There are 2 protein chains.
Amino acid sequence: MAEHTHPPLFLTNTLTRKKEEFIPLAPPHVGLYVCGPTVYSDVHLGNVRTFLSFDTLFRWLTYLGYKVRYVRNITDVGHLVGDVDEGEDKIAKRARLEQLEPMEVVQKYTNGFHDVMRTFNILPPSIEPTATAHLIEQIAMVERIIAKGFAYEANGSVYFDVPAYAQHHAYGELSGRRIDELVANTRDTEGQDEKRSPLDFALWKRADKNHLMHWPSPWGEGFPGWHLECSVMSTKYLGRTFDIHGGGMDLKFPHHECEIAQSVAADGEAPVRYWVHGNMLTVNGRKMAKSEGNGFTPEELITGDHKLLDRGYSPMTVRFFMLQSHYASTLDFSNEALQAAERGLQKLMAAWDTLERLKPAPPAGEAYDVAALEKACVAAMNDDINTPVMIAALFDGVRAINSANDGRAAFSADDLARLRTLFQAMVFDVLGLKREAEKQGDDLSHGLMNVVLGLRADAKAKKDFAASDLIRDRLAALGITVKDGKEGTTWERN
Amino acid sequence: MAEHTHPPLFLTNTLTRKKEEFIPLAPPHVGLYVCGPTVYSDVHLGNVRTFLSFDTLFRWLTYLGYKVRYVRNITDVGHLVGDVDEGEDKIAKRARLEQLEPMEVVQKYTNGFHDVMRTFNILPPSIEPTATAHLIEQIAMVERIIAKGFAYEANGSVYFDVPAYAQHHAYGELSGRRIDELVANTRDTEGQDEKRSPLDFALWKRADKNHLMHWPSPWGEGFPGWHLECSVMSTKYLGRTFDIHGGGMDLKFPHHECEIAQSVAADGEAPVRYWVHGNMLTVNGRKMAKSEGNGFTPEELITGDHKLLDRGYSPMTVRFFMLQSHYASTLDFSNEALQAAERGLQKLMAAWDTLERLKPAPPAGEAYDVAALEKACVAAMNDDINTPVMIAALFDGVRAINSANDGRAAFSADDLARLRTLFQAMVFDVLGLKREAEKQGDDLSHGLMNVVLGLRADAKAKKDFAASDLIRDRLAALGITVKDGKEGTTWERN
């Protein structure tokens, strides 16, 4: 993509707090890194939203013609309980609870994570590296940071020297924190006597006797600090400076701030040009959290098996619901909003079916402006991946499609072809929606329903109402409601 | 499982060439290691059979009550073209061809491999370790072997000293090869000047300038030899000596022979108690090979898109077909055999449906001996996982079920419950079969077919043959054939 065939893409860069034009370092290639899950428990819904947001960015960059190398890691060691430098490794703790070897825990929850990603039609990344597969590179990075004077060894652990770094570089620039405020807000916690400053963070931790996962290093047996792996894996696969780094906004500090510091300290280069952060979930207006009892899992959302849910919602309903908010806005879950999304999705899918059936005809009045619709969709996505605005534009198209179906408007053959191409691209490729068999039946069910509704129409035509009522009752027993409306006979499965 | 509740399991141990009683080292735990794929291309059908065979062993051990830790690795570095010590790394070669970073190749084909495993309902292992995630342990093992005097460094590479090892240990014991014959059969190949003996094999290879994947080591930048990773990963997760090691029989020599030598040399202990090897595939009686043009992929087998295939076969047909041969026998693919398997599977699934519907009744004559059937199934599986004999026993049960359905026999309530439990366990849990929606429609389709067939029966009862013919024609248009037989009305989708 030497030249843009579309107007330029703008992204909100957390680093500059501005919406900036996205200019890749080496077009048509784009490097995208997203912090993946720590695989010590089932993935939570906030993670799903984050990965869905960056899936949409990945899909959009691909639509624009970029060749994207998308790296999303799996954290399988080093992430300690409480996200701090002390405490148990999250995976080792779970291994103890489930009486499994840590790598069995990793496998179990990695499989579960992949299942959830597939359920929501979130595409796999180009590379999915793990922390344990990059220990040599992590140790080498620690050695480089020590050599530059920005880290020190203490009792078999190695800490990043934040005050030393801050003398030369802008620690806190991403999250907007000031060193003096950070110091003022620090409480003493266990084991911090090894640290010269409470702001320092671990690059390598000495493994005590009970630690299940440890490797040899120049500083003895130990394991890497949590922040280190992302610095190593992003730059290994995308280069010392790469285009886009994404993640949930809870990772801005300390995780991403530490990533910047590590790269600058080790190699003298800022690692990332565009930092992009997704926002959080709320439920009925309150922050979603396990401790609040309002943190339902992706599975509970689908089955409806949670006290806050009236019923279950299909994966594509959830996907569509999430895409109706901008990635950088908080997203509030409520039954009303989910049900509205479900109706919206059905309307969109019905319009796609209609669009496939529509025949071209000479427009009676002014022709619908398909080019303007396409422009509106692209403009919305190029404006910081504004999916809600793009969806609103699509619904303008839906109204036009339904008008044509009613005979109140018509499309030329060219416009029809262009509209189909646009809907195919935006609905399926970019928004990543797909038809759901559970709700709408498979192709065979659709065929059989057509047979049954045909027999019912025959009976009605013959005024054999006993027969048509019988059919209605038998369908009702299968949970199918048939409605006769002005747009023809439709059916719905309860 | 302190005591066996079932008669003992016997496995053919390649090491002793005998069928031996399986006695785990630390019951109820069982350690099982199987060599997984090298992820540089789509998985081939021979691999699928191997992983299916060990999936069945895993399922059977689980059925017997063992807690199985099943480790199946992913080879993502070190496997050279030609399976020898010279030549290009298979993954790096593919990366060059596809213009991808090697880890993108790994990710692409790992995803594809997982998709194929899921298609054939092959369960994920407990741990799926990768070679690149165990470099530190591999380097440490090389150091232990050097320290024991069984390996030497040459020009940045490290080779295993087979003659030195063979003076003290039985090199060749697994594959039944003799050192003098191996020497006689060795041809000089490029680069072997570094080796003291042509039998020596690489533990670590120096990376030349063009090598894409390399890591620092005590011998300079390089990468591990192919045989090393399995020695490291099996013993790391299962212990220095563990219960069962499986793989295709093409891996017996040199791969598995080298694994034994590496473990014995490094740690003085034989790594494996039971070596189990699966056999190869043939097509119409000839060895399946890409070079022969008769090596179809799993996908081609399903779609039927290959010159040797009359049509496609469903994944469960293929699974059932493979299970109808013993894992240690060659398995010959032919359209006739696949179609016979398809009919057999349909018969088995139809019998399961019938079994679910059957009502208990007092047997007219002698009651069917469900206990004897259960015993026969268990005995077959305990006799070296003899799935064809177990399936034959199940078909004895199928005949009894069909007799009961015809009213020629009957089951008591207890027998019916026991038979259902047995079929559930053997068909679904142990053989790992499942109902296939593509062929048989989903639940909604089944319900709708019942509505349509009910309307057809009503029409026939009223002698409204115009209506019943219309229904038949409309179903035919959907590819559905209805048959009225003595066992009632059945339908089939073409």
# chains A, B, ... in the order shown; residues from 1 in each chain; ligands from 1

call {"tool": "select_by_dssp", "arguments": {"residues": "range 52-280 of chain A", "states": "alpha helix (DSSP H)", "output": "ChimeraX atom specification"}}
result
/A:52-63,90-98,102-119,135-147,162-168,179-184,226-238,257-267

call {"tool": "select_by_dssp", "arguments": {"residues": "range 286-394 of chain B", "states": "strand (DSSP E)", "output": "tab-separated table (two decimals) with N, CA and C atoms, in the first residue's frame"}}
result
chain	number	residue	atom	x	y	z
B	286	ARG	N	-1.24	-49.65	-1.44
B	286	ARG	CA	0.11	-49.08	-1.61
B	286	ARG	C	0.37	-48.03	-0.55
B	287	LYS	N	1.63	-47.92	-0.14
B	287	LYS	CA	2.01	-46.97	0.89
B	287	LYS	C	1.55	-45.57	0.52
B	331	LEU	N	-3.30	-49.71	7.84
B	331	LEU	CA	-4.70	-49.40	7.58
B	331	LEU	C	-4.80	-49.00	6.12
B	332	ASP	N	-5.63	-49.72	5.37
B	332	ASP	CA	-5.73	-49.47	3.93
B	332	ASP	C	-6.99	-48.67	3.61
B	333	PHE	N	-6.79	-47.51	2.95
B	333	PHE	CA	-7.90	-46.68	2.53
B	333	PHE	C	-8.41	-47.13	1.17

call {"tool": "residues_around", "arguments": {"residues": "range 123-130 of chain A", "least_positions_apart": "4", "cutoff": "8 Å", "atoms": "only C-alpha atoms", "output": "compact mmCIF listing (two decimals) with N, CA and C atoms, in the first residue's frame"}}
result
# COMPACT_ATOMS: atom_id res chain seq x y z
N ASP A 55 -9.41 -6.97 17.65
CA ASP A 55 -9.79 -7.79 16.49
C ASP A 55 -10.38 -6.88 15.41
N ARG A 69 1.13 -7.85 10.85
CA ARG A 69 1.65 -8.91 11.73
C ARG A 69 1.11 -8.61 13.13
N TYR A 70 0.19 -9.45 13.56
CA TYR A 70 -0.53 -9.20 14.81
C TYR A 70 -0.02 -10.19 15.85
N VAL A 71 0.63 -9.67 16.88
CA VAL A 71 1.19 -10.51 17.95
C VAL A 71 0.36 -10.31 19.21
N ARG A 72 -0.18 -11.39 19.74
CA ARG A 72 -0.92 -11.32 21.01
C ARG A 72 -0.39 -12.45 21.88
N ASN A 73 0.19 -12.09 23.01
CA ASN A 73 0.91 -13.09 23.81
C ASN A 73 0.00 -13.87 24.75
N ILE A 74 0.57 -14.93 25.29
CA ILE A 74 -0.04 -15.71 26.37
C ILE A 74 0.92 -15.60 27.56
N THR A 75 0.44 -15.06 28.68
CA THR A 75 1.28 -14.97 29.87
C THR A 75 1.15 -16.27 30.65
N ASP A 76 2.24 -17.06 30.64
CA ASP A 76 2.18 -18.36 31.31
C ASP A 76 3.15 -18.46 32.48
N MET A 117 -12.56 -17.23 22.26
CA MET A 117 -12.24 -16.37 21.11
C MET A 117 -12.99 -16.86 19.87
N ARG A 118 -13.01 -18.19 19.67
CA ARG A 118 -13.71 -18.76 18.51
C ARG A 118 -15.20 -18.49 18.60
N HIS A 134 10.39 -17.48 25.89
CA HIS A 134 11.29 -16.36 25.61
C HIS A 134 12.10 -15.99 26.84
N MET A 233 8.85 -9.84 23.67
CA MET A 233 8.14 -10.51 22.57
C MET A 233 7.67 -9.53 21.52
N MET B 103 7.84 -17.82 13.24
CA MET B 103 6.80 -18.02 14.25
C MET B 103 5.39 -17.80 13.69
N GLU B 104 5.29 -17.08 12.57
CA GLU B 104 3.99 -16.98 11.90
C GLU B 104 3.63 -18.31 11.24
N VAL B 106 4.70 -21.20 12.38
CA VAL B 106 4.35 -22.05 13.53
C VAL B 106 2.89 -21.82 13.94
N GLN B 107 2.50 -20.53 14.04
CA GLN B 107 1.15 -20.22 14.49
C GLN B 107 0.11 -20.72 13.50
N LYS B 108 0.36 -20.47 12.23
CA LYS B 108 -0.60 -20.85 11.18
C LYS B 108 -0.85 -22.35 11.19
N ALA B 133 10.12 -23.31 23.82
CA ALA B 133 9.88 -22.93 25.21
C ALA B 133 10.75 -23.73 26.17

call {"tool": "closest_residue", "arguments": {"among": "B:Lys67, B:Ala351, B:Asp429, B:Cys35", "to": "Ser234 in chain B", "atoms": "only C-alpha atoms"}}
result
B:Cys35

call {"tool": "closest_atom_pairs", "arguments": {"of": "range 9-42 of chain B", "to": "range 163-173 of chain B", "cutoff": "12 Å", "atoms": "only C-alpha atoms", "output": "CSV"}}
result
residue,atom,partner,partner_atom,distance
B:Thr14,CA,B:Glu173,CA,9.6
B:Leu15,CA,B:Glu173,CA,6.9
B:Thr16,CA,B:Glu173,CA,8.8
B:Arg17,CA,B:Glu173,CA,10.5

call {"tool": "residues_around", "arguments": {"residues": "range 341-348 of chain A", "least_positions_apart": "3", "cutoff": "7 Å", "atoms": "only C-alpha atoms", "output": "JSON, numbers by chain"}}
result
{"A": [317, 320, 321, 337, 338, 351, 352, 398]}
